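Data file: run.cif. Format and content: mmCIF, C-alpha atoms.
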data_upload
loop_
_atom_site.label_atom_id
_atom_site.label_comp_id
_atom_site.auth_asym_id
_atom_site.auth_seq_id
_atom_site.Cartn_x
_atom_site.Cartn_y
_atom_site.Cartn_z
CA MET A 1258 -7.74 -1.41 -4.34
CA GLY A 1259 -11.44 -0.92 -3.58
CA GLY A 1260 -12.35 -2.10 -7.05
CA LEU A 1261 -10.49 -5.36 -6.49
CA ALA A 1262 -12.44 -5.88 -3.27
CA ILE A 1263 -15.71 -5.53 -5.16
CA ILE A 1264 -14.60 -8.10 -7.76
CA PHE A 1265 -13.56 -10.60 -5.08
CA GLU A 1266 -16.82 -10.07 -3.24
CA GLU A 1267 -18.71 -10.72 -6.48
CA GLU A 1268 -16.81 -14.01 -6.59
CA GLY A 1269 -18.21 -14.90 -3.16
CA LEU A 1270 -15.07 -14.10 -1.18
CA ALA A 1271 -15.46 -11.79 1.82
CA THR A 1272 -13.01 -8.91 1.79
CA THR A 1273 -11.52 -6.39 4.13
CA GLN A 1274 -8.91 -3.86 3.21
CA ILE A 1275 -6.57 -1.23 4.46
CA SER A 1276 -7.05 2.17 2.85
CA LEU A 1277 -4.29 4.77 2.56
CA ILE A 1278 -5.99 7.30 0.28
CA ARG A 1279 -9.37 7.87 1.85
CA ILE A 1280 -10.97 9.71 -1.07
CA HIS A 1281 -10.32 6.77 -3.38
CA THR A 1282 -12.08 4.44 -0.96
CA GLU A 1283 -14.96 6.88 -0.55
CA ARG A 1284 -15.44 6.91 -4.32
CA THR A 1285 -15.10 3.16 -4.93
CA ARG A 1286 -17.14 2.09 -1.86
CA PRO A 1287 -15.66 -1.38 -1.23
CA PRO A 1288 -17.54 -3.58 1.29
CA ARG A 1289 -15.18 -3.08 4.26
CA ALA A 1290 -12.22 -0.74 4.60
CA LEU A 1291 -10.04 0.59 7.41
CA TRP A 1292 -8.49 3.95 6.62
CA VAL A 1293 -5.10 4.40 8.28
CA PRO A 1294 -3.25 7.73 8.62
CA PHE A 1295 0.14 6.23 7.82
CA GLU A 1296 2.71 7.09 5.23
CA LEU A 1297 2.35 5.67 1.74
CA GLY A 1298 4.39 2.48 1.57
CA ARG A 1299 3.67 1.56 5.22
CA PRO A 1300 0.06 0.37 5.39
CA LEU A 1301 0.73 -1.54 8.62
CA GLY A 1302 2.34 1.54 10.15
CA VAL A 1303 5.70 0.70 11.68
CA PRO A 1304 8.36 -1.77 10.52
CA ASN A 1305 9.54 -4.28 13.11
CA ASP A 1306 6.78 -3.33 15.53
CA LYS A 1307 4.81 -6.53 15.86
CA PRO A 1308 2.25 -5.25 18.41
CA PHE A 1309 1.51 -2.14 16.32
CA GLN A 1310 1.11 -4.16 13.12
CA THR A 1311 -1.09 -6.69 14.89
CA ARG A 1312 -3.39 -3.95 16.19
CA VAL A 1313 -3.85 -2.56 12.67
CA LEU A 1314 -4.38 -6.00 11.19
CA THR A 1315 -6.85 -6.99 13.90
CA ALA A 1316 -8.83 -3.79 13.33
CA ALA A 1317 -9.05 -4.50 9.59
CA LEU A 1318 -10.08 -8.10 10.17
CA GLY A 1319 -12.60 -6.98 12.78
CA LEU A 1320 -14.64 -5.33 10.03
CA LEU A 1321 -15.50 -8.81 8.77
CA ASP A 1322 -18.03 -9.07 11.60
CA ARG A 1323 -20.17 -6.32 10.11
CA LYS A 1324 -23.54 -7.46 8.85
CA SER A 1325 -23.90 -4.83 6.12
CA GLY A 1326 -21.80 -2.36 4.18
CA PRO A 1327 -20.06 -0.54 2.68
CA VAL A 1328 -18.11 0.19 5.84
CA LEU A 1329 -15.27 2.73 5.99
CA VAL A 1330 -13.74 3.14 9.44
CA ASP A 1331 -10.92 5.47 10.48
CA TYR A 1332 -8.12 3.79 12.45
CA PRO A 1333 -7.63 5.89 15.60
CA GLU A 1334 -3.93 5.33 16.26
CA ASP A 1335 -1.10 7.11 14.46
CA VAL A 1336 2.51 5.99 14.36
CA PRO A 1337 4.71 7.00 17.31
CA ASP A 1338 6.70 10.22 16.99
CA GLY A 1339 9.78 9.68 14.88
CA ALA A 1340 8.46 6.56 13.19
CA GLY A 1341 6.79 8.20 10.23
CA GLY A 1342 7.30 11.13 7.92
CA MET A 1343 8.64 14.31 9.49
CA ASP A 1344 8.83 17.99 8.76
CA GLU A 1345 11.78 19.35 6.89
CA ASP A 1346 12.40 21.75 9.79
CA ALA A 1347 13.17 18.82 12.04
CA MET A 1348 16.04 17.83 9.78
CA THR A 1349 18.33 20.60 11.02
CA GLY A 1350 21.53 19.26 12.48
CA MET A 1351 21.41 15.84 10.86
CA VAL A 1352 24.92 14.68 10.06
CA CYS A 1353 25.66 11.72 7.86
CA PRO A 1354 27.91 9.38 9.84
CA ILE A 1355 29.47 7.97 6.68
CA ASP A 1356 32.37 9.83 5.13
CA LEU A 1357 31.19 10.03 1.55
CA PRO A 1358 33.18 11.41 -1.36
CA LYS A 1359 32.37 14.97 -2.31
CA PRO A 1360 29.88 15.07 -5.18
CA PRO A 1361 31.43 16.44 -8.38
CA ASP A 1362 30.03 19.62 -9.85
CA ALA A 1363 26.75 19.26 -11.66
CA ASP A 1364 28.50 20.16 -14.89
CA ALA A 1365 31.30 17.61 -14.45
CA PRO A 1366 31.69 14.97 -17.15
CA ALA A 1367 29.62 11.86 -16.54
CA SER A 1368 32.79 9.75 -16.44
CA GLU A 1369 33.92 11.70 -13.38
CA LEU A 1370 30.49 11.18 -11.88
CA GLY A 1371 30.79 7.46 -12.59
CA ARG A 1372 34.14 7.19 -10.81
CA ALA A 1373 32.81 9.08 -7.81
CA LEU A 1374 29.76 6.85 -7.82
CA MET A 1375 31.83 3.66 -7.60
CA LYS A 1376 33.87 5.14 -4.77
CA GLU A 1377 30.69 6.06 -2.94
CA ILE A 1378 29.24 2.58 -3.40
CA ASP A 1379 32.41 1.09 -1.93
CA SER A 1380 32.26 3.46 1.04
CA LEU A 1381 28.75 2.30 1.84
CA ALA A 1382 29.52 -1.41 1.57
CA PRO A 1383 30.21 -2.02 5.31
CA TRP A 1384 26.85 -0.52 6.23
CA TYR A 1385 24.99 -2.36 3.51
CA ASP A 1386 26.59 -5.61 4.67
CA LEU A 1387 25.61 -4.82 8.24
CA ALA A 1388 22.02 -4.15 7.14
CA VAL A 1389 21.83 -7.48 5.33
CA ARG A 1390 23.28 -9.34 8.32
CA THR A 1391 20.93 -7.61 10.75
CA ARG A 1392 17.77 -8.05 8.68
CA GLY A 1393 18.62 -11.37 7.13
CA ARG A 1394 17.60 -10.08 3.74
CA THR A 1395 18.11 -7.46 1.08
CA THR A 1396 15.65 -5.99 -1.38
CA VAL A 1397 18.39 -5.28 -3.92
CA GLY A 1398 18.03 -7.51 -6.94
CA PRO A 1399 15.05 -6.94 -9.27
CA SER A 1400 17.41 -5.74 -12.03
CA GLY A 1401 19.09 -9.13 -12.08
CA LEU A 1402 22.43 -7.32 -12.24
CA GLU A 1403 25.31 -7.27 -9.81
CA LEU A 1404 25.18 -3.89 -8.12
CA ARG A 1405 28.43 -2.62 -9.61
CA ASP A 1406 27.27 -3.68 -13.07
CA ALA A 1407 24.02 -1.83 -12.50
CA ALA A 1408 25.99 1.24 -11.43
CA LYS A 1409 28.31 1.01 -14.43
CA PHE A 1410 25.35 0.88 -16.81
CA PHE A 1411 23.66 3.76 -14.98
CA ALA A 1412 26.80 5.90 -15.15
CA ALA A 1413 27.43 5.00 -18.79
CA PHE A 1414 23.88 5.97 -19.70
CA LEU A 1415 24.40 9.41 -18.19
CA GLU A 1416 27.29 9.93 -20.61
CA ASP A 1417 25.82 8.22 -23.66
CA GLN A 1418 22.16 7.32 -23.93
CA GLY A 1419 23.05 5.00 -26.81
CA VAL A 1420 24.94 2.62 -24.54
CA PRO A 1421 23.59 -0.95 -24.85
CA ALA A 1422 21.65 -2.40 -21.92
CA PRO A 1423 23.29 -5.26 -20.00
CA ARG A 1424 20.25 -7.48 -20.57
CA ASP A 1425 18.14 -7.78 -23.69
CA ASP A 1426 14.89 -9.29 -22.47
CA LEU A 1427 13.51 -5.90 -21.38
CA ILE A 1428 13.53 -2.53 -23.09
CA LYS A 1429 16.57 -0.48 -22.15
CA GLY A 1430 14.57 2.11 -20.25
CA ARG A 1431 13.12 -0.57 -17.99
CA VAL A 1432 16.58 -2.05 -17.36
CA LEU A 1433 17.78 1.45 -16.50
CA LYS A 1434 14.89 1.95 -14.09
CA LEU A 1435 15.50 -1.41 -12.39
CA ALA A 1436 19.23 -0.65 -12.18
CA TYR A 1437 18.83 2.68 -10.42
CA GLU A 1438 16.09 1.33 -8.16
CA ASP A 1439 18.46 -1.45 -7.09
CA MET A 1440 21.06 1.23 -6.38
CA LYS A 1441 18.55 3.23 -4.37
CA ALA A 1442 17.75 0.11 -2.35
CA TYR A 1443 21.45 -0.48 -1.71
CA TYR A 1444 21.97 3.10 -0.53
CA THR A 1445 18.88 3.26 1.63
CA GLU A 1446 19.44 -0.14 3.19
CA ALA A 1447 22.98 0.99 4.04
CA ILE A 1448 22.03 4.33 5.57
CA THR A 1449 19.19 2.90 7.63
CA ALA A 1450 21.67 0.54 9.26
CA GLN A 1451 22.95 3.70 10.94
CA PRO A 1452 21.21 5.29 13.93
CA GLY A 1453 19.29 8.48 13.24
CA TYR A 1454 17.84 7.69 9.85
CA THR A 1455 14.47 6.40 10.93
CA THR A 1456 12.07 8.33 8.72
CA SER A 1457 11.68 8.16 5.00
CA LEU A 1458 12.19 11.92 4.61
CA GLN A 1459 15.50 11.79 6.43
CA VAL A 1460 16.67 9.02 4.14
CA GLU A 1461 15.31 10.71 1.04
CA ASN A 1462 16.88 14.08 1.85
CA TRP A 1463 20.23 12.38 2.37
CA LEU A 1464 20.02 10.34 -0.81
CA PHE A 1465 18.96 13.13 -3.14
CA ASN A 1466 20.91 16.01 -1.63
CA GLU A 1467 24.07 14.64 -0.06
CA THR A 1468 25.26 11.80 -2.27
CA VAL A 1469 26.95 11.47 -5.63
CA PHE A 1470 24.21 9.06 -6.60
CA GLY A 1471 21.54 11.62 -5.73
CA ALA A 1472 23.25 14.21 -7.91
CA ALA A 1473 23.38 11.63 -10.69
CA LEU A 1474 19.66 10.91 -10.31
CA TRP A 1475 18.86 14.60 -10.68
CA LYS A 1476 21.07 14.61 -13.77
CA LEU A 1477 19.30 11.55 -15.17
CA ARG A 1478 15.95 13.22 -14.54
CA ALA A 1479 17.04 16.21 -16.60
CA ILE A 1480 18.31 13.98 -19.42
CA CYS A 1481 15.08 11.99 -19.51
CA ARG A 1482 12.87 15.05 -19.44
CA GLU A 1483 14.69 16.38 -22.51
CA SER A 1484 14.58 13.05 -24.36
CA ASP A 1485 12.54 12.55 -27.51
CA GLU A 1486 11.68 9.01 -26.45
CA GLU A 1487 8.37 8.55 -24.69
CA TYR A 1488 9.62 6.01 -22.15
CA TYR A 1489 12.41 8.28 -20.98
CA GLN A 1490 10.00 11.20 -20.78
CA TYR A 1491 7.81 9.02 -18.60
CA LEU A 1492 10.76 8.19 -16.36
CA GLY A 1493 11.80 11.82 -16.15
CA LYS A 1494 8.33 13.01 -15.31
CA ASN A 1495 7.89 11.19 -12.01
CA SER A 1496 9.78 7.91 -11.89
CA ILE A 1497 13.27 8.95 -10.83
CA VAL A 1498 13.04 11.65 -8.17
CA PRO A 1499 10.06 11.61 -5.76
CA ASP A 1500 7.58 14.46 -6.12
CA ARG A 1501 8.34 15.36 -2.50
CA GLN A 1502 11.97 16.16 -3.36
CA VAL A 1503 10.98 18.17 -6.41
CA ASP A 1504 8.49 20.04 -4.24
CA LEU A 1505 11.17 20.81 -1.63
CA ILE A 1506 13.56 22.11 -4.28
CA GLU A 1507 10.89 24.32 -5.82
CA ARG A 1508 9.90 25.68 -2.42
CA ALA A 1509 13.53 26.41 -1.60
CA ALA A 1510 13.93 28.23 -4.90
CA GLN A 1511 10.86 30.34 -4.13
CA VAL A 1512 12.26 31.27 -0.72
CA ALA A 1513 15.60 32.19 -2.32
CA GLU A 1514 13.79 34.55 -4.67
CA MET B 497 1.45 11.04 6.20
CA ALA B 498 -1.22 9.59 3.90
CA ARG B 499 -3.42 12.50 4.84
CA LEU B 500 -3.87 14.39 1.59
CA GLU B 501 -2.76 17.71 3.05
CA THR B 502 0.70 16.29 3.78
CA ILE B 503 1.30 15.03 0.25
CA PRO B 504 3.17 17.27 -2.25
CA SER B 505 0.84 19.38 -4.32
CA SER B 506 1.60 17.76 -7.68
CA GLU B 507 1.04 14.27 -6.32
CA ARG B 508 -2.03 15.41 -4.36
CA LYS B 509 -3.60 16.80 -7.54
CA MET B 510 -3.01 13.47 -9.28
CA MET B 511 -4.59 11.58 -6.40
CA ILE B 512 -7.62 13.82 -6.27
CA GLU B 513 -8.13 13.50 -10.02
CA LEU B 514 -7.45 9.75 -10.17
CA ASP B 515 -10.10 7.85 -12.10
CA CYS B 516 -11.90 5.52 -9.69
CA SER B 517 -14.78 4.74 -12.03
CA GLY B 518 -16.01 1.36 -13.16
CA PHE B 519 -17.53 0.11 -9.93
CA GLU B 520 -20.58 2.32 -9.54
CA GLY B 521 -23.67 0.44 -8.39
CA ARG B 522 -21.70 -2.73 -7.66
CA THR B 523 -22.35 -3.45 -3.98
CA PRO B 524 -21.80 -7.16 -3.28
CA PHE B 525 -21.53 -8.06 0.40
CA VAL B 526 -20.73 -11.58 1.57
CA ALA B 527 -22.45 -12.55 4.84
CA PRO B 528 -20.27 -12.68 7.96
CA LYS B 529 -18.95 -15.80 9.64
CA PRO B 530 -16.68 -16.20 12.67
CA LEU B 531 -13.16 -14.88 12.14
CA SER B 532 -11.77 -18.01 13.77
CA GLU B 533 -13.19 -20.06 10.90
CA ARG B 534 -11.83 -17.94 8.08
CA ARG B 535 -9.05 -18.94 5.70
CA ILE B 536 -7.35 -15.78 4.48
CA SER B 537 -5.35 -14.81 1.43
CA VAL B 538 -3.52 -11.51 1.02
CA VAL B 539 -3.65 -9.37 -2.12
CA SER B 540 -1.16 -6.52 -2.28
CA THR B 541 -0.86 -3.75 -4.87
CA ALA B 542 2.83 -3.25 -4.03
CA ALA B 543 4.13 -5.01 -7.16
CA LEU B 544 6.02 -7.48 -5.00
CA ASN B 545 7.51 -10.49 -6.68
CA MET B 546 9.58 -13.48 -5.71
CA ARG B 547 13.24 -12.95 -6.47
CA GLY B 548 13.83 -14.29 -9.97
CA ASP B 549 10.19 -13.99 -11.05
CA ALA B 550 9.30 -11.63 -13.87
CA VAL B 551 9.47 -8.02 -12.70
CA TYR B 552 6.51 -5.72 -13.15
CA GLN B 553 6.51 -3.39 -16.12
CA ARG B 554 4.60 -0.18 -16.60
CA ASP B 555 0.87 -0.84 -17.10
CA ASP B 556 1.18 -4.55 -16.24
CA THR B 557 -2.20 -6.00 -15.28
CA ASP B 558 -1.14 -9.55 -14.48
CA TYR B 559 -0.32 -10.90 -11.03
CA ARG B 560 2.43 -12.68 -9.14
CA VAL B 561 2.05 -15.43 -6.55
CA ILE B 562 3.64 -15.31 -3.10
CA PRO B 563 3.56 -18.68 -1.32
CA GLY B 564 2.10 -18.85 2.17
CA ASP B 565 5.34 -20.16 3.65
CA VAL B 566 7.42 -17.47 1.95
CA ASP B 567 10.78 -16.47 3.36
CA PRO B 568 10.76 -12.64 3.42
CA ALA B 569 14.30 -12.74 2.03
CA ASP B 570 12.87 -14.02 -1.23
CA VAL B 571 10.50 -11.10 -1.79
CA VAL B 572 11.52 -8.02 -3.80
CA MET B 573 9.59 -5.10 -5.22
CA SER B 574 9.43 -3.83 -8.81
CA HIS B 575 6.76 -1.14 -8.52
CA VAL B 576 7.34 1.70 -10.99
CA SER B 577 6.32 4.53 -8.66
CA VAL B 578 8.90 6.42 -6.60
CA ASN B 579 6.28 8.30 -4.59
CA PHE B 580 5.98 6.02 -1.60
CA ASP B 581 8.36 4.92 1.11
CA ARG B 582 10.33 1.74 0.50
CA THR B 583 12.57 1.88 3.54
CA GLY B 584 9.86 0.33 5.71
CA PHE B 585 9.59 -2.61 3.32
CA GLN B 586 13.35 -2.93 3.28
CA GLN B 587 13.38 -3.29 7.04
CA ASP B 588 10.33 -5.50 7.43
CA LEU B 589 8.16 -7.12 4.78
CA ASN B 590 5.23 -7.16 7.18
CA VAL B 591 4.85 -3.39 7.11
CA CYS B 592 3.29 -3.77 3.65
CA PHE B 593 2.64 -7.50 3.35
CA PRO B 594 1.65 -8.82 6.79
CA ILE B 595 2.13 -12.50 6.11
CA GLU B 596 3.95 -13.25 9.37
CA ARG B 597 1.36 -11.31 11.38
CA LEU B 598 -1.37 -13.44 9.78
CA HIS B 599 0.47 -16.63 10.69
CA ASP B 600 0.74 -15.30 14.26
CA LEU B 601 -3.04 -14.78 14.38
CA ALA B 602 -3.64 -18.25 12.96
CA ALA B 603 -1.34 -19.78 15.60
CA GLU B 604 -3.31 -17.97 18.30
CA GLY B 605 -6.60 -19.19 16.85
CA VAL B 606 -7.81 -15.67 16.09
CA ILE B 607 -8.23 -16.59 12.43
CA GLY B 608 -8.81 -20.05 11.02
CA SER B 609 -5.85 -20.41 8.70
CA VAL B 610 -3.58 -18.72 6.19
CA SER B 611 -3.83 -19.59 2.52
CA ASN B 612 -1.04 -21.36 0.69
CA PHE B 613 -1.26 -18.67 -2.01
CA HIS B 614 -1.11 -14.89 -1.84
CA PHE B 615 -1.03 -12.43 -4.67
CA THR B 616 0.38 -9.14 -5.80
CA VAL B 617 -0.51 -6.76 -8.59
CA SER B 618 0.85 -3.39 -9.58
CA GLY B 619 -1.23 -0.59 -8.14
CA ALA B 620 -0.11 1.55 -11.06
CA ALA B 621 -2.80 -0.19 -13.13
CA HIS B 622 -6.45 0.91 -13.08
CA PRO B 623 -8.55 -1.53 -11.00
CA SER B 624 -10.91 -2.12 -13.94
CA ASP B 625 -7.96 -3.38 -15.96
CA LEU B 626 -7.16 -5.86 -13.19
CA GLU B 627 -10.57 -7.57 -13.32
CA GLU B 628 -9.46 -10.57 -15.37
CA SER B 629 -6.50 -11.15 -13.05
CA ALA B 630 -8.67 -10.72 -9.96
CA ARG B 631 -11.15 -13.33 -11.15
CA ALA B 632 -8.30 -15.74 -11.92
CA MET B 633 -6.86 -15.17 -8.43
CA ALA B 634 -10.31 -15.80 -6.95
CA GLN B 635 -10.53 -19.20 -8.62
CA THR B 636 -7.18 -20.23 -7.15
CA MET B 637 -8.19 -18.96 -3.72
CA LYS B 638 -11.45 -20.90 -3.76
CA ALA B 639 -9.63 -24.05 -4.85
CA ASP B 640 -7.40 -23.56 -1.79
CA GLY B 641 -10.39 -23.23 0.50
CA VAL B 642 -10.02 -19.49 0.97
CA ASP B 643 -13.15 -17.56 1.96
CA THR B 644 -11.63 -14.20 2.87
CA VAL B 645 -9.30 -11.74 1.18
CA LEU B 646 -7.22 -9.10 2.95
CA LEU B 647 -6.34 -6.32 0.53
CA VAL B 648 -3.32 -4.18 1.33
CA PRO B 649 -2.34 -1.07 -0.65
CA ILE B 650 1.08 0.50 -0.91
#
Would you give me this structure, written as structure tokens?
Amino acid sequence: MGGLAIIFEEEGLATTQISLIRIHTERTRPPRALWVPFELGRPLGVPNDKPFQTRVLTAALGLLDRKSGPVLVDYPEDVPDGAGGMDEDAMTGMVCPIDLPKPPDADAPASELGRALMKEIDSLAPWYDLAVRTRGRTTVGPSGLELRDAAKFFAAFLEDQGVPAPRDDLIKGRVLKLAYEDMKAYYTEAITAQPGYTTSLQVENWLFNETVFGAALWKLRAICRESDEEYYQYLGKNSIVPDRQVDLIERAAQVAE
Amino acid sequence: MARLETIPSSERKMMIELDCSGFEGRTPFVAPKPLSERRISVVSTAALNMRGDAVYQRDDTDYRVIPGDVDPADVVMSHVSVNFDRTGFQQDLNVCFPIERLHDLAAEGVIGSVSNFHFTVSGAAHPSDLEESARAMAQTMKADGVDTVLLVPI
């Protein structure tokens, strides 16, 4: 990000930027940067909080008055309690309000997983529809597939990695990635239509630990990590399950030992 | 949350070791002018694209255009990383691409105006590899009368 600022400034365009990873900005030394203490993915801090976002934006734009640089300023305000990431300890007692099907055993055939997946998708539909109505938009769609078609391809791939992709203009691994990211968007848009799921960790813990789809994503991760194909190895390394979830599982395993 | 100590150890290690080279000794600094006279374009590294546009692929170094009068319903994300929150974006585009907040500030006269063209790239690419795209974006911005760029990470 800082490097882009330097290029634009070389082009005669004044720049100001938000910084999320302070050490990267310290190293690159762009002309003007406002470091914010917010969660990755939320550089303006809080969704649907116009005053908060405006304060952050105004602070970043305010750096344009400086007469010399580089300038790196720390933004003094953090997000309100409950509006950002939260400790795992605070998750105790969370109950999913949606009656989801019970995930099949990890060793169950993929076809059984696929059937459970479709049932789960159907059970979430009222909440997804509510989310779309409330927000006036959905972020499902980059795969270019209908959600159920994306899910069918995803489930079929778990059973047979030789299954053809439903579109041929991208490599199969990329279609797979777009398909499961669309499914993630569907699930997370649905669950955040419910009260109580306000932080990303709450949503993530639910998705990866309490849903059929989450179990399937862990299964896909294992398949990809054992694949001989470089693209699938890349997916399995860190493009299916967030590092935070892997970290939580490893920590839990250490405690169990 | 973006404090390094709160990020999982494997991801933290990657961030600490990330190559930020290529910009040493480059310290351009455009002279200030009143904010109320500035025309602003946004550049985001969130790999956002208009629905139906080409999605981002791994290692892509090209860019996508987001029009200034964009309807948030038309914006999707095809970033390859899973290690940042997307639920904020799902609820409100402005939490990572503050286009409506900029229009608010323009309406209040705080800034001069909002560009007709905004841009996204994939932050998964090294900034040095984005130089050609950045210079192409700059030409479009200048043709649109832009004098200021707001850069927003993901």
Do you know which residues the PyMOL selection byres ((chain A) within 6 of (chain B)) returns on this file, as a short mmCIF file (atom, residue, chain, number, x, y, z; two decimals) with C-alpha atoms, in the coordinates of the input?
data_model
loop_
_atom_site.label_atom_id
_atom_site.label_comp_id
_atom_site.auth_asym_id
_atom_site.auth_seq_id
_atom_site.Cartn_x
_atom_site.Cartn_y
_atom_site.Cartn_z
CA GLY A 1260 -12.35 -2.10 -7.05
CA GLU A 1266 -16.82 -10.07 -3.24
CA GLU A 1267 -18.71 -10.72 -6.48
CA LEU A 1270 -15.07 -14.10 -1.18
CA ALA A 1271 -15.46 -11.79 1.82
CA THR A 1272 -13.01 -8.91 1.79
CA THR A 1273 -11.52 -6.39 4.13
CA GLN A 1274 -8.91 -3.86 3.21
CA ILE A 1275 -6.57 -1.23 4.46
CA LEU A 1277 -4.29 4.77 2.56
CA PRO A 1294 -3.25 7.73 8.62
CA PHE A 1295 0.14 6.23 7.82
CA GLU A 1296 2.71 7.09 5.23
CA LEU A 1297 2.35 5.67 1.74
CA GLY A 1298 4.39 2.48 1.57
CA ARG A 1299 3.67 1.56 5.22
CA PRO A 1300 0.06 0.37 5.39
CA LEU A 1301 0.73 -1.54 8.62
CA PRO A 1304 8.36 -1.77 10.52
CA ASN A 1305 9.54 -4.28 13.11
CA ASP A 1322 -18.03 -9.07 11.60
CA ARG A 1394 17.60 -10.08 3.74
CA THR A 1396 15.65 -5.99 -1.38
CA SER A 1496 9.78 7.91 -11.89
CA PRO A 1499 10.06 11.61 -5.76
CA ARG A 1501 8.34 15.36 -2.50
#
Exactly which residues make up the result of the PyMOL selection byres ((chain A and resi 1492) around 9) on this file, given as a ChimeraX atom specification?
/A:1430,1434,1478,1481-1482,1487-1491,1493-1497
Reference answer for the PyMOL selection byres ((chain A and resi 1442) around 9), as a list in words
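Checked against the file, the PyMOL selection byres ((chain A and resi 1442) around 9) matches Thr1395, Thr1396, Val1397, Gly1398, Tyr1437, Glu1438, Asp1439, Met1440, Lys1441, Tyr1443, Tyr1444, Thr1445, Glu1446 and Ala1447 of chain A; Arg582, Thr583 and Gln586 of chain B.
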Just the selected residues (C-alpha atoms), exported as a PDB file, in the coordinates of the input, please.
ATOM      1  CA  THR A1395      18.110  -7.460   1.080  1.00  0.00           C
ATOM      2  CA  THR A1396      15.650  -5.990  -1.380  1.00  0.00           C
ATOM      3  CA  VAL A1397      18.390  -5.280  -3.920  1.00  0.00           C
ATOM      4  CA  GLY A1398      18.030  -7.510  -6.940  1.00  0.00           C
ATOM      5  CA  TYR A1437      18.830   2.680 -10.420  1.00  0.00           C
ATOM      6  CA  GLU A1438      16.090   1.330  -8.160  1.00  0.00           C
ATOM      7  CA  ASP A1439      18.460  -1.450  -7.090  1.00  0.00           C
ATOM      8  CA  MET A1440      21.060   1.230  -6.380  1.00  0.00           C
ATOM      9  CA  LYS A1441      18.550   3.230  -4.370  1.00  0.00           C
ATOM     10  CA  TYR A1443      21.450  -0.480  -1.710  1.00  0.00           C
ATOM     11  CA  TYR A1444      21.970   3.100  -0.530  1.00  0.00           C
ATOM     12  CA  THR A1445      18.880   3.260   1.630  1.00  0.00           C
ATOM     13  CA  GLU A1446      19.440  -0.140   3.190  1.00  0.00           C
ATOM     14  CA  ALA A1447      22.980   0.990   4.040  1.00  0.00           C
TER      15      ALA A1447
ATOM     16  CA  ARG B 582      10.330   1.740   0.500  1.00  0.00           C
ATOM     17  CA  THR B 583      12.570   1.880   3.540  1.00  0.00           C
ATOM     18  CA  GLN B 586      13.350  -2.930   3.280  1.00  0.00           C
TER      19      GLN B 586
END
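For the pair CA of Asp1426 in chain A and CA of Ser1400 in chain A, the separation is 11.3 Å.
Reported to one decimal place, the separation of CA of Trp1292 in chain A from CA of Arg1312 in chain A is 13.4 Å.
Here CA of Val1313 in chain A stands at a distance of 21.6 Å from CA of Ile1263 in chain A.
With all atoms listed in the file as the atoms that count, the minimum distance from Ala1382 in chain A to the choices A:Ala1450, A:Asn1466, A:Ile1278, A:Leu1427 is reached by A:Ala1450.
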